[in-house]
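So this one's query-v1.cif, mmCIF, C-alpha atoms:
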data_work
#
loop_
_atom_site.label_atom_id
_atom_site.label_comp_id
_atom_site.auth_asym_id
_atom_site.auth_seq_id
_atom_site.Cartn_x
_atom_site.Cartn_y
_atom_site.Cartn_z
CA MET A 442 57.28 103.35 113.90
CA GLU A 443 56.34 100.37 111.83
CA GLU A 444 58.24 100.38 108.54
CA GLU A 445 55.82 99.70 105.73
CA VAL A 446 57.65 97.71 103.09
CA LYS A 447 55.92 95.96 100.22
CA LEU A 448 57.37 94.11 97.27
CA HIS A 449 55.48 93.54 94.05
CA GLY A 450 57.09 90.53 92.41
CA PHE A 451 56.61 87.53 90.16
CA TRP A 452 57.55 84.07 91.42
CA PRO A 453 59.78 82.86 88.51
CA SER A 454 61.57 86.19 88.12
CA PRO A 455 65.27 86.38 89.04
CA PHE A 456 64.90 90.17 89.30
CA SER A 457 62.19 89.74 91.95
CA HIS A 458 64.45 87.35 93.83
CA ARG A 459 67.32 89.80 93.97
CA VAL A 460 65.16 92.09 96.08
CA ILE A 461 63.90 89.23 98.26
CA TRP A 462 67.48 88.12 98.99
CA ALA A 463 68.59 91.64 99.89
CA LEU A 464 65.63 92.29 102.18
CA LYS A 465 66.01 88.95 103.95
CA LEU A 466 69.79 89.24 104.31
CA LYS A 467 69.20 92.53 106.10
CA GLY A 468 66.34 91.18 108.18
CA VAL A 469 63.81 93.66 106.75
CA LYS A 470 60.17 92.62 107.20
CA TYR A 471 58.02 93.11 104.11
CA ASP A 472 54.73 92.15 102.51
CA TYR A 473 55.03 90.28 99.25
CA ILE A 474 52.45 90.86 96.53
CA GLU A 475 52.44 88.31 93.74
CA GLU A 476 51.66 89.92 90.41
CA ASP A 477 49.52 87.74 88.20
CA PHE A 478 51.13 88.12 84.78
CA PRO A 479 49.95 89.03 82.22
CA ASN A 480 47.17 90.64 84.31
CA LYS A 481 49.19 93.39 85.93
CA SER A 482 47.52 94.98 88.93
CA GLN A 483 46.35 98.60 88.89
CA LEU A 484 48.75 99.27 91.72
CA LEU A 485 51.73 98.03 89.69
CA LEU A 486 50.78 100.23 86.74
CA GLN A 487 50.40 103.16 89.12
CA TYR A 488 53.76 102.49 90.82
CA ASN A 489 55.73 101.83 87.65
CA PRO A 490 53.95 103.67 84.84
CA VAL A 491 57.09 104.01 82.71
CA HIS A 492 58.07 100.34 82.45
CA LYS A 493 55.02 98.57 83.97
CA LYS A 494 57.35 95.86 85.32
CA ILE A 495 58.22 94.07 88.51
CA PRO A 496 59.94 94.21 90.88
CA VAL A 497 58.65 97.35 92.55
CA LEU A 498 59.53 98.07 96.17
CA VAL A 499 57.12 100.33 98.00
CA HIS A 500 58.51 101.90 101.18
CA ARG A 501 56.17 104.09 103.24
CA GLY A 502 54.00 104.48 100.17
CA LYS A 503 56.82 105.52 97.81
CA PRO A 504 57.60 103.20 94.90
CA ILE A 505 61.08 102.32 93.66
CA ALA A 506 61.44 100.41 90.38
CA GLU A 507 64.31 98.57 88.63
CA SER A 508 65.88 95.77 90.69
CA LEU A 509 69.43 97.15 90.79
CA ILE A 510 68.21 100.60 91.82
CA ILE A 511 66.08 98.92 94.50
CA LEU A 512 69.18 97.09 95.79
CA GLU A 513 71.08 100.39 96.17
CA TYR A 514 68.06 101.91 97.93
CA ILE A 515 67.83 98.97 100.33
CA GLU A 516 71.56 99.27 101.05
CA GLU A 517 71.26 102.97 101.88
CA THR A 518 68.06 102.68 103.90
CA TRP A 519 69.01 99.62 105.99
CA PRO A 520 72.80 99.82 106.45
CA GLU A 521 73.07 96.70 108.67
CA HIS A 522 74.63 93.67 106.98
CA PRO A 523 76.21 95.83 104.24
CA LEU A 524 76.09 94.56 100.68
CA LEU A 525 78.37 97.18 99.13
CA PRO A 526 81.98 97.89 100.13
CA LYS A 527 82.72 101.12 102.05
CA ASP A 528 85.58 102.18 99.79
CA ALA A 529 84.48 104.31 96.81
CA TYR A 530 86.83 102.56 94.38
CA GLU A 531 85.67 99.09 95.44
CA ARG A 532 82.09 100.28 95.05
CA ALA A 533 82.88 101.48 91.53
CA LEU A 534 84.27 98.04 90.71
CA ALA A 535 81.15 96.36 92.09
CA ARG A 536 78.90 98.67 90.05
CA PHE A 537 81.01 98.06 86.95
CA TRP A 538 80.49 94.29 87.15
CA ILE A 539 76.80 94.66 87.94
CA LYS A 540 76.38 96.82 84.84
CA TYR A 541 78.42 94.35 82.79
CA GLY A 542 76.21 91.48 83.92
CA GLU A 543 73.08 93.45 83.20
CA GLU A 544 74.02 94.48 79.67
CA LYS A 545 75.83 91.35 78.57
CA GLY A 546 73.49 88.98 80.40
CA LEU A 547 70.91 89.81 77.75
CA ALA A 548 72.85 87.60 75.34
CA ILE A 549 72.45 84.61 77.65
CA TRP A 550 68.71 85.22 78.00
CA LYS A 551 68.48 85.35 74.22
CA LEU A 552 69.55 81.70 74.07
CA TYR A 553 66.19 80.36 75.19
CA ARG A 554 64.22 82.35 72.64
CA THR A 555 66.29 82.25 69.45
CA THR A 556 67.35 79.70 66.89
CA GLY A 557 69.70 79.49 63.94
CA GLU A 558 72.20 82.26 63.32
CA GLU A 559 70.92 84.46 66.15
CA PHE A 560 71.30 81.54 68.55
CA GLU A 561 74.84 80.83 67.41
CA LYS A 562 75.79 84.47 67.89
CA ALA A 563 74.23 84.50 71.38
CA MET A 564 76.12 81.29 72.27
CA LYS A 565 79.46 82.79 71.29
CA GLU A 566 78.78 85.98 73.26
CA SER A 567 77.51 84.02 76.27
CA LEU A 568 80.67 81.96 76.55
CA GLU A 569 82.79 85.09 76.32
CA ILE A 570 80.78 86.73 79.09
CA LEU A 571 81.08 83.72 81.37
CA ARG A 572 84.82 83.64 80.69
CA ASN A 573 85.13 87.29 81.77
CA LEU A 574 83.14 86.60 84.93
CA GLU A 575 85.23 83.51 85.73
CA GLU A 576 88.59 85.17 85.27
CA HIS A 577 88.14 88.86 85.96
CA ALA A 578 85.03 89.39 88.05
CA LEU A 579 85.33 86.38 90.35
CA GLY A 580 89.00 85.41 90.11
CA GLU A 581 90.27 83.71 93.25
CA LYS A 582 87.50 85.02 95.50
CA LYS A 583 84.87 82.89 97.19
CA PHE A 584 82.14 85.35 96.26
CA PHE A 585 82.13 88.19 93.73
CA SER A 586 81.97 90.53 96.71
CA GLY A 587 84.79 88.80 98.63
CA GLU A 588 84.37 86.63 101.71
CA ARG A 589 80.62 87.21 102.08
CA ILE A 590 77.71 87.52 99.70
CA GLY A 591 77.29 91.07 98.50
CA ILE A 592 75.44 93.08 95.91
CA VAL A 593 77.36 91.64 92.95
CA ASP A 594 76.54 88.07 93.99
CA ILE A 595 72.89 89.02 94.37
CA ALA A 596 72.94 90.67 90.93
CA PHE A 597 74.46 87.49 89.42
CA GLY A 598 72.24 85.14 91.41
CA TRP A 599 70.32 84.28 88.26
CA ILE A 600 73.41 82.48 86.94
CA ALA A 601 73.38 80.20 89.99
CA HIS A 602 69.84 78.99 89.40
CA TRP A 603 68.18 80.20 86.20
CA LEU A 604 71.11 79.50 83.86
CA GLY A 605 70.76 75.78 84.58
CA VAL A 606 67.12 75.95 83.52
CA ILE A 607 68.06 77.72 80.29
CA GLU A 608 70.69 75.04 79.61
CA ASP A 609 68.05 72.32 80.08
CA LEU A 610 65.66 74.12 77.75
CA ILE A 611 68.15 74.51 74.93
CA GLY A 612 69.85 71.16 75.56
CA VAL A 613 73.31 72.72 75.66
CA LYS A 614 75.59 73.03 78.67
CA LEU A 615 77.42 76.36 78.79
CA LEU A 616 78.87 76.24 82.25
CA GLU A 617 80.98 73.06 82.12
CA ALA A 618 82.71 72.34 85.45
CA ASP A 619 86.06 71.76 83.73
CA SER A 620 85.95 75.04 81.80
CA PHE A 621 84.53 77.17 84.61
CA PRO A 622 85.70 75.68 87.92
CA ARG A 623 85.50 78.98 89.81
CA LEU A 624 81.96 79.80 88.70
CA HIS A 625 80.96 76.24 89.60
CA ALA A 626 82.40 76.66 93.09
CA TRP A 627 80.68 80.04 93.41
CA ILE A 628 77.29 78.56 92.45
CA LYS A 629 77.70 75.88 95.12
CA ASN A 630 78.74 78.41 97.79
CA PHE A 631 76.00 80.86 96.82
CA LYS A 632 73.23 78.29 96.98
CA GLU A 633 74.48 76.90 100.28
CA GLU A 634 73.77 80.23 102.02
CA SER A 635 70.58 79.62 103.97
CA ILE A 636 68.80 82.82 102.88
CA ILE A 637 69.43 81.94 99.25
CA LYS A 638 68.64 78.24 99.64
CA GLU A 639 65.30 79.00 101.30
CA ASN A 640 64.36 81.57 98.66
CA LEU A 641 64.69 79.94 95.29
CA PRO A 642 61.76 79.04 93.03
CA ASP A 643 61.22 75.39 92.17
CA CYS A 644 63.37 74.49 89.14
CA GLY A 645 60.72 72.29 87.59
CA LYS A 646 58.13 75.05 87.74
CA VAL A 647 60.57 77.63 86.33
CA PHE A 648 61.41 75.20 83.53
CA ALA A 649 57.71 74.77 82.66
CA HIS A 650 57.19 78.54 82.76
CA LEU A 651 60.19 79.33 80.54
CA LYS A 652 59.27 76.49 78.18
CA ARG A 653 55.88 78.12 77.58
CA ARG A 654 57.57 81.51 77.03
CA ARG A 655 60.10 79.92 74.65
CA GLU A 656 57.31 78.37 72.59
CA MET A 657 55.59 81.77 72.35
CA TRP A 658 58.81 83.48 71.28
CA LEU A 659 59.68 80.90 68.66
CA ALA A 660 56.14 80.89 67.29
CA SER A 661 55.97 84.66 66.79
CA PRO A 662 57.12 86.09 63.42
CA MET B 603 99.56 114.05 98.75
CA ALA B 604 97.75 115.75 95.87
CA ASP B 605 95.13 113.83 93.97
CA GLU B 606 96.19 112.73 90.52
CA VAL B 607 93.18 112.72 88.22
CA LYS B 608 93.27 111.91 84.53
CA LEU B 609 90.42 111.47 82.09
CA PHE B 610 90.74 109.48 78.88
CA GLY B 611 88.04 110.76 76.56
CA VAL B 612 87.00 112.09 73.19
CA TRP B 613 86.01 115.73 72.71
CA ALA B 614 82.91 114.91 70.68
CA SER B 615 81.58 112.21 72.98
CA PRO B 616 78.64 113.06 75.27
CA TYR B 617 79.77 110.26 77.62
CA SER B 618 83.19 111.88 77.94
CA ARG B 619 81.63 115.32 78.47
CA ARG B 620 79.44 114.05 81.30
CA VAL B 621 82.50 113.20 83.33
CA GLU B 622 84.13 116.56 82.57
CA VAL B 623 81.02 118.42 83.71
CA ALA B 624 80.98 116.51 87.00
CA LEU B 625 84.68 117.12 87.63
CA LYS B 626 84.36 120.84 86.84
CA LEU B 627 81.22 121.19 88.99
CA LYS B 628 83.23 119.92 91.92
CA GLY B 629 86.34 121.94 91.08
CA VAL B 630 88.49 118.84 90.60
CA LYS B 631 91.69 119.47 88.65
CA TYR B 632 92.33 116.84 86.02
CA GLU B 633 94.38 116.10 82.96
CA PHE B 634 92.41 115.32 79.80
CA ILE B 635 93.85 112.78 77.40
CA GLU B 636 92.21 112.80 73.98
CA GLU B 637 91.88 109.30 72.55
CA ASP B 638 91.89 108.48 68.86
CA LEU B 639 89.20 105.80 68.72
CA SER B 640 90.52 104.46 65.43
CA ASN B 641 93.90 103.96 67.12
CA LYS B 642 93.29 103.33 70.80
CA SER B 643 96.24 103.89 73.11
CA ASP B 644 97.90 101.05 74.98
CA LEU B 645 96.98 102.81 78.22
CA LEU B 646 93.26 102.83 77.35
CA LEU B 647 93.36 99.13 76.51
CA LYS B 648 95.20 98.47 79.76
CA TYR B 649 92.74 100.48 81.87
CA ASN B 650 89.59 99.20 80.21
CA PRO B 651 90.40 95.72 78.92
CA VAL B 652 86.79 94.53 79.07
CA HIS B 653 85.12 97.23 76.95
CA LYS B 654 88.12 99.10 75.47
CA LYS B 655 86.05 102.31 75.57
CA ILE B 656 86.18 105.85 76.80
CA PRO B 657 85.61 107.54 79.17
CA VAL B 658 88.07 106.16 81.70
CA LEU B 659 88.78 108.11 84.86
CA LEU B 660 92.14 107.45 86.45
CA HIS B 661 92.32 108.49 90.10
CA ASN B 662 95.72 108.04 91.74
CA GLY B 663 96.49 105.30 89.25
CA LYS B 664 93.20 103.40 89.66
CA PRO B 665 90.91 103.22 86.62
CA ILE B 666 87.12 103.60 86.79
CA VAL B 667 85.07 102.97 83.64
CA GLU B 668 81.46 103.39 82.45
CA SER B 669 80.24 106.98 82.64
CA LEU B 670 77.40 106.35 85.13
CA VAL B 671 79.74 104.41 87.43
CA ILE B 672 82.31 107.22 87.12
CA LEU B 673 79.71 109.87 88.00
CA GLU B 674 78.74 107.99 91.19
CA TYR B 675 82.42 107.57 92.06
CA ILE B 676 83.07 111.29 91.56
CA ASP B 677 80.10 112.18 93.76
CA GLU B 678 81.28 109.86 96.55
CA THR B 679 84.90 110.96 96.38
CA TRP B 680 84.56 114.75 96.10
CA LYS B 681 81.78 115.91 98.36
CA GLY B 682 81.32 119.55 97.26
CA ASN B 683 78.39 120.44 94.93
CA PRO B 684 76.67 117.05 95.15
CA ILE B 685 75.33 115.57 91.92
CA LEU B 686 73.03 113.08 93.60
CA PRO B 687 70.42 113.98 96.23
CA HIS B 688 71.15 113.05 99.84
CA ASP B 689 67.80 111.37 100.45
CA PRO B 690 67.84 107.66 99.44
CA TYR B 691 64.43 107.85 97.77
CA GLN B 692 65.32 110.92 95.71
CA LYS B 693 68.61 109.22 94.85
CA ALA B 694 66.70 106.18 93.59
CA VAL B 695 64.48 108.45 91.48
CA ALA B 696 67.54 110.15 89.96
CA ARG B 697 69.16 106.80 89.17
CA PHE B 698 65.92 105.60 87.61
CA TRP B 699 65.83 108.53 85.17
CA ALA B 700 69.55 108.28 84.40
CA LYS B 701 69.02 104.60 83.49
CA PHE B 702 65.92 105.46 81.45
CA LEU B 703 67.90 108.03 79.48
CA ASP B 704 70.82 105.74 78.77
CA GLU B 705 68.96 102.51 78.11
CA LYS B 706 65.79 103.72 76.40
CA CYS B 707 66.05 107.34 75.22
CA PHE B 708 69.44 107.54 73.62
CA PRO B 709 69.17 104.34 71.57
CA ALA B 710 65.71 105.48 70.39
CA LEU B 711 66.99 108.96 69.49
CA ARG B 712 69.97 107.55 67.62
CA LYS B 713 67.64 105.24 65.74
CA ALA B 714 65.31 108.12 64.88
CA PHE B 715 68.15 110.03 63.23
CA SER B 716 69.85 107.15 61.51
CA SER B 717 66.87 105.17 60.22
CA LYS B 718 66.19 104.85 56.54
CA GLU B 719 63.18 106.75 55.15
CA ASP B 720 60.62 103.95 55.41
CA GLU B 721 61.52 103.18 59.03
CA GLN B 722 62.15 106.73 60.12
CA GLU B 723 58.55 107.73 60.80
CA LYS B 724 58.06 104.86 63.23
CA ALA B 725 61.44 105.50 64.87
CA ILE B 726 60.59 109.18 65.34
CA GLU B 727 57.24 108.27 66.87
CA GLU B 728 58.87 105.88 69.34
CA ALA B 729 61.47 108.49 70.29
CA SER B 730 58.71 111.10 70.70
CA GLU B 731 56.89 108.86 73.18
CA LEU B 732 60.02 108.66 75.30
CA LEU B 733 60.66 112.41 75.12
CA LYS B 734 57.07 112.97 76.24
CA ILE B 735 57.78 110.91 79.36
CA LEU B 736 60.79 113.13 80.08
CA GLU B 737 58.73 116.25 79.45
CA ASN B 738 56.21 115.06 82.06
CA GLU B 739 58.95 114.32 84.56
CA LEU B 740 60.41 117.83 84.21
CA ASN B 741 57.09 119.61 84.59
CA GLY B 742 57.47 122.55 86.98
CA LYS B 743 61.18 122.11 87.62
CA LYS B 744 64.04 124.20 86.23
CA PHE B 745 66.28 121.15 86.01
CA PHE B 746 65.71 117.42 86.49
CA GLY B 747 67.76 117.91 89.65
CA GLY B 748 65.52 120.76 90.88
CA ASP B 749 67.03 124.24 91.15
CA LYS B 750 70.50 123.07 90.27
CA ILE B 751 71.73 120.57 87.73
CA GLY B 752 72.16 117.05 89.03
CA LEU B 753 72.90 113.55 87.79
CA VAL B 754 69.95 113.36 85.43
CA ASP B 755 70.72 116.72 83.80
CA ILE B 756 74.34 115.70 83.32
CA VAL B 757 73.33 112.34 81.82
CA ALA B 758 70.73 114.03 79.59
CA ASN B 759 73.46 116.02 77.86
CA PHE B 760 72.73 114.22 74.62
CA ILE B 761 69.34 115.90 74.59
CA GLY B 762 70.69 119.09 76.10
CA PHE B 763 73.11 119.74 73.33
CA TRP B 764 73.80 117.06 70.78
CA LEU B 765 70.19 116.63 69.68
CA GLY B 766 69.99 120.27 68.63
CA VAL B 767 73.26 119.98 66.73
CA ILE B 768 72.10 116.88 64.87
CA GLN B 769 68.78 118.49 63.96
CA GLU B 770 70.56 121.60 62.72
CA ALA B 771 72.97 119.52 60.67
CA LYS B 772 70.04 117.71 59.08
CA GLY B 773 68.42 121.05 58.38
CA GLU B 774 65.04 120.20 59.83
CA GLU B 775 63.27 119.90 63.13
CA LEU B 776 62.49 116.22 62.91
CA LEU B 777 61.76 115.53 66.50
CA LEU B 778 62.40 118.20 69.08
CA THR B 779 60.09 121.12 68.38
CA HIS B 780 59.03 123.92 70.74
CA LYS B 781 55.45 123.13 69.88
CA LYS B 782 55.62 119.45 70.83
CA PHE B 783 58.06 119.70 73.73
CA PRO B 784 57.90 123.21 75.24
CA ILE B 785 59.14 122.14 78.68
CA LEU B 786 62.04 120.09 77.35
CA CYS B 787 63.06 122.95 75.04
CA LYS B 788 63.01 125.36 78.00
CA TRP B 789 65.17 122.92 79.93
CA ILE B 790 67.66 122.84 77.04
CA ASP B 791 67.91 126.66 77.14
CA GLU B 792 68.55 126.60 80.90
CA TYR B 793 70.99 123.73 80.51
CA VAL B 794 73.05 125.29 77.74
CA ASN B 795 73.25 128.58 79.62
CA CYS B 796 74.32 127.02 82.87
CA SER B 797 77.93 128.15 83.20
CA VAL B 798 79.59 124.83 83.89
CA ILE B 799 77.83 123.39 80.89
CA LYS B 800 78.55 126.39 78.68
CA GLU B 801 82.25 126.03 79.26
CA ASN B 802 82.05 122.36 78.39
CA LEU B 803 80.26 122.26 75.10
CA PRO B 804 82.19 121.39 72.01
CA CYS B 805 81.95 124.23 69.47
CA GLN B 806 79.36 123.92 66.81
CA ARG B 807 81.12 123.71 63.50
#

Final structure tokens representation of the file:
Amino acid sequence: MEEEVKLHGFWPSPFSHRVIWALKLKGVKYDYIEEDFPNKSQLLLQYNPVHKKIPVLVHRGKPIAESLIILEYIEETWPEHPLLPKDAYERALARFWIKYGEEKGLAIWKLYRTTGEEFEKAMKESLEILRNLEEHALGEKKFFSGERIGIVDIAFGWIAHWLGVIEDLIGVKLLEADSFPRLHAWIKNFKEESIIKENLPDCGKVFAHLKRRREMWLASP
Amino acid sequence: MADEVKLFGVWASPYSRRVEVALKLKGVKYEFIEEDLSNKSDLLLKYNPVHKKIPVLLHNGKPIVESLVILEYIDETWKGNPILPHDPYQKAVARFWAKFLDEKCFPALRKAFSSKEDEQEKAIEEASELLKILENELNGKKFFGGDKIGLVDIVANFIGFWLGVIQEAKGEELLLTHKKFPILCKWIDEYVNCSVIKENLPCQR
């Protein structure tokens, strides 16, 4: 039976890309539907009435929203090329770091849309977060998930590509090679993986997109 | 070798209670260690150096932190009385609502009860919108988990119990009324009377 898999996404979104990477790593065929923000399609609003956001995965007509929940669904539905460890404790550790990245990552995203005191506070928090990732989450490993890319790497993929764009926008480098050698090595290894390399949005276009968003944020009261 | 399970928690914390409910549902014997949050133990700081928070589950010496992560770990480790559905799609739906509760509902509810007078009306309205979404999701079911309590019911304990306590303490029904949320109020009655929950509610004082 033909699996019917559709993904509603948005080209500059790191959350969209998480799902793309997971599907492609597992060799799952899918149809991609580009949502034209801010004109959200009727289908998207029907599939995700609570948050009205992408990504939404639709499998055999049933919608799943929230990128991290989608990743867990993909892992359970297509078990080949596993992204989560088998051991329950290791899984708990993976989920811990994913949650950490999700909650604390908000501080880093704040950098491109704040100024003054709020910006300074976000900077301080961001450096602390990156320090924790460098020393505790990644440590001596090649990838967050060990020898191969796994769910934690996919969840942090935005650091490998979108963080650089944020740094360019704000004119401040957070991830200095000297201060964060492990994260630097991870970024290089992550982006060298062919599935990742072939599925990254153009930096220049992402920069232009985030620049417009930044101007809107800074202009609003 | 017998399992050694310890839980570092706080009796008044809904996050702590969630873990206790899950352990009791599955008949897991554990030792509860009450933490004094104004004077956190060295062990807590050792087991949760990143957040320094409770709850922390210690299973055979290995610490697991963050209540939602702990609940998933408990479900995967002790198979009896599953908290999450078996079907991947239903599991995704349960996780979606658990996330919605923790990330949207609880902060909005806390804000509604702690806002100053001029901001309170708006905060209550925002919280009401979110409760309405939950009300719609429950429609027709005894529990969020169906006939038995599941992950979402356990995570919704703040609404199940603490909300009523806070409203009673404030002496007025600010938010959760039978008129506005009949289905949610019925769920609370079922929830509070469910035996595993009943034995795990802190006494109202």

Tell me the residues of chain A close to chain B, meaning within 8 Å using only C-alpha atoms, as a compact mmCIF listing (two decimals) with C-alpha atoms, keeping the file's coordinate frame.
# COMPACT_ATOMS: atom_id res chain seq x y z
CA VAL A 491 57.09 104.01 82.71
CA LYS A 503 56.82 105.52 97.81
CA ILE A 505 61.08 102.32 93.66
CA ALA A 506 61.44 100.41 90.38
CA GLU A 507 64.31 98.57 88.63
CA ILE A 510 68.21 100.60 91.82
CA ILE A 511 66.08 98.92 94.50
CA GLU A 513 71.08 100.39 96.17
CA TYR A 514 68.06 101.91 97.93
CA GLU A 517 71.26 102.97 101.88
CA THR A 518 68.06 102.68 103.90
CA ALA A 529 84.48 104.31 96.81
CA TYR A 530 86.83 102.56 94.38
CA ARG A 532 82.09 100.28 95.05
CA ALA A 533 82.88 101.48 91.53
CA LEU A 534 84.27 98.04 90.71
CA ARG A 536 78.90 98.67 90.05
CA PHE A 537 81.01 98.06 86.95
CA ASN A 573 85.13 87.29 81.77

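The result of the PyMOL selection byres ((chain B and resi 620) around 9) on the shown file is Ser615, Pro616, Tyr617, Ser618, Arg619, Val621, Glu622, Val623, Ala624, Leu625, Ser669, Leu670, Leu673, Ile756, Val757, Ala758 and Asn759 of chain B.
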
Give me the residues within 12 Å of Trp789 (chain B) as number ranges by chain, counting only C-alpha atoms and dropping any in the same chain fewer than 2 places off.
B: 736-737, 739-751, 755, 758-759, 761-763, 780, 783-787, 791-796

Could you take the residues named above and write them with C-alpha atoms, as a JSON list (two decimals), keeping the file's coordinate frame?
[["chain", "number", "residue", "atom", "x", "y", "z"],
["B", 736, "LEU", "CA", 60.79, 113.13, 80.08],
["B", 737, "GLU", "CA", 58.73, 116.25, 79.45],
["B", 739, "GLU", "CA", 58.95, 114.32, 84.56],
["B", 740, "LEU", "CA", 60.41, 117.83, 84.21],
["B", 741, "ASN", "CA", 57.09, 119.61, 84.59],
["B", 742, "GLY", "CA", 57.47, 122.55, 86.98],
["B", 743, "LYS", "CA", 61.18, 122.11, 87.62],
["B", 744, "LYS", "CA", 64.04, 124.20, 86.23],
["B", 745, "PHE", "CA", 66.28, 121.15, 86.01],
["B", 746, "PHE", "CA", 65.71, 117.42, 86.49],
["B", 747, "GLY", "CA", 67.76, 117.91, 89.65],
["B", 748, "GLY", "CA", 65.52, 120.76, 90.88],
["B", 749, "ASP", "CA", 67.03, 124.24, 91.15],
["B", 750, "LYS", "CA", 70.50, 123.07, 90.27],
["B", 751, "ILE", "CA", 71.73, 120.57, 87.73],
["B", 755, "ASP", "CA", 70.72, 116.72, 83.80],
["B", 758, "ALA", "CA", 70.73, 114.03, 79.59],
["B", 759, "ASN", "CA", 73.46, 116.02, 77.86],
["B", 761, "ILE", "CA", 69.34, 115.90, 74.59],
["B", 762, "GLY", "CA", 70.69, 119.09, 76.10],
["B", 763, "PHE", "CA", 73.11, 119.74, 73.33],
["B", 780, "HIS", "CA", 59.03, 123.92, 70.74],
["B", 783, "PHE", "CA", 58.06, 119.70, 73.73],
["B", 784, "PRO", "CA", 57.90, 123.21, 75.24],
["B", 785, "ILE", "CA", 59.14, 122.14, 78.68],
["B", 786, "LEU", "CA", 62.04, 120.09, 77.35],
["B", 787, "CYS", "CA", 63.06, 122.95, 75.04],
["B", 791, "ASP", "CA", 67.91, 126.66, 77.14],
["B", 792, "GLU", "CA", 68.55, 126.60, 80.90],
["B", 793, "TYR", "CA", 70.99, 123.73, 80.51],
["B", 794, "VAL", "CA", 73.05, 125.29, 77.74],
["B", 795, "ASN", "CA", 73.25, 128.58, 79.62],
["B", 796, "CYS", "CA", 74.32, 127.02, 82.87]]

Pairwise distance, CA of Gly468 (chain A) with CA of Pro687 (chain B), equals 26.1 Å

Applying the PyMOL selection byres ((chain B and resi 722-726) around 12) to the file I just gave you, which residues come out? Please list them as a list in words.
Cys707, Pro709, Ala710, Leu711, Arg712, Lys713, Ala714, Phe715, Ser716, Ser717, Lys718, Glu719, Asp720, Glu721, Glu727, Glu728, Ala729, Ser730, Glu731, Leu732, Leu733, Glu775, Leu776, Leu777 and Leu778 of chain B

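The residue that comes closest to Leu448 (chain A), out of A:Lys467, A:Met564, A:Leu498, A:Phe478 and on the basis of all atoms listed in the file, is A:Leu498.
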
For the structure provided, state which residues fall under the PyMOL selection byres ((chain B and resi 634-647) around 10), and present them as a PDB file with C-alpha atoms, in the frame of the given file.
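Generated output (result39.pdb):
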ATOM      1  CA  VAL B 607      93.180 112.720  88.220  1.00  0.00           C
ATOM      2  CA  LYS B 608      93.270 111.910  84.530  1.00  0.00           C
ATOM      3  CA  LEU B 609      90.420 111.470  82.090  1.00  0.00           C
ATOM      4  CA  PHE B 610      90.740 109.480  78.880  1.00  0.00           C
ATOM      5  CA  GLY B 611      88.040 110.760  76.560  1.00  0.00           C
ATOM      6  CA  VAL B 612      87.000 112.090  73.190  1.00  0.00           C
ATOM      7  CA  TRP B 613      86.010 115.730  72.710  1.00  0.00           C
ATOM      8  CA  SER B 618      83.190 111.880  77.940  1.00  0.00           C
ATOM      9  CA  GLU B 622      84.130 116.560  82.570  1.00  0.00           C
ATOM     10  CA  LYS B 631      91.690 119.470  88.650  1.00  0.00           C
ATOM     11  CA  TYR B 632      92.330 116.840  86.020  1.00  0.00           C
ATOM     12  CA  GLU B 633      94.380 116.100  82.960  1.00  0.00           C
ATOM     13  CA  LYS B 648      95.200  98.470  79.760  1.00  0.00           C
ATOM     14  CA  TYR B 649      92.740 100.480  81.870  1.00  0.00           C
ATOM     15  CA  ASN B 650      89.590  99.200  80.210  1.00  0.00           C
ATOM     16  CA  PRO B 651      90.400  95.720  78.920  1.00  0.00           C
ATOM     17  CA  VAL B 652      86.790  94.530  79.070  1.00  0.00           C
ATOM     18  CA  HIS B 653      85.120  97.230  76.950  1.00  0.00           C
ATOM     19  CA  LYS B 654      88.120  99.100  75.470  1.00  0.00           C
ATOM     20  CA  LYS B 655      86.050 102.310  75.570  1.00  0.00           C
ATOM     21  CA  ILE B 656      86.180 105.850  76.800  1.00  0.00           C
ATOM     22  CA  PRO B 657      85.610 107.540  79.170  1.00  0.00           C
ATOM     23  CA  VAL B 658      88.070 106.160  81.700  1.00  0.00           C
ATOM     24  CA  LEU B 659      88.780 108.110  84.860  1.00  0.00           C
ATOM     25  CA  PRO B 665      90.910 103.220  86.620  1.00  0.00           C
TER      26      PRO B 665
END
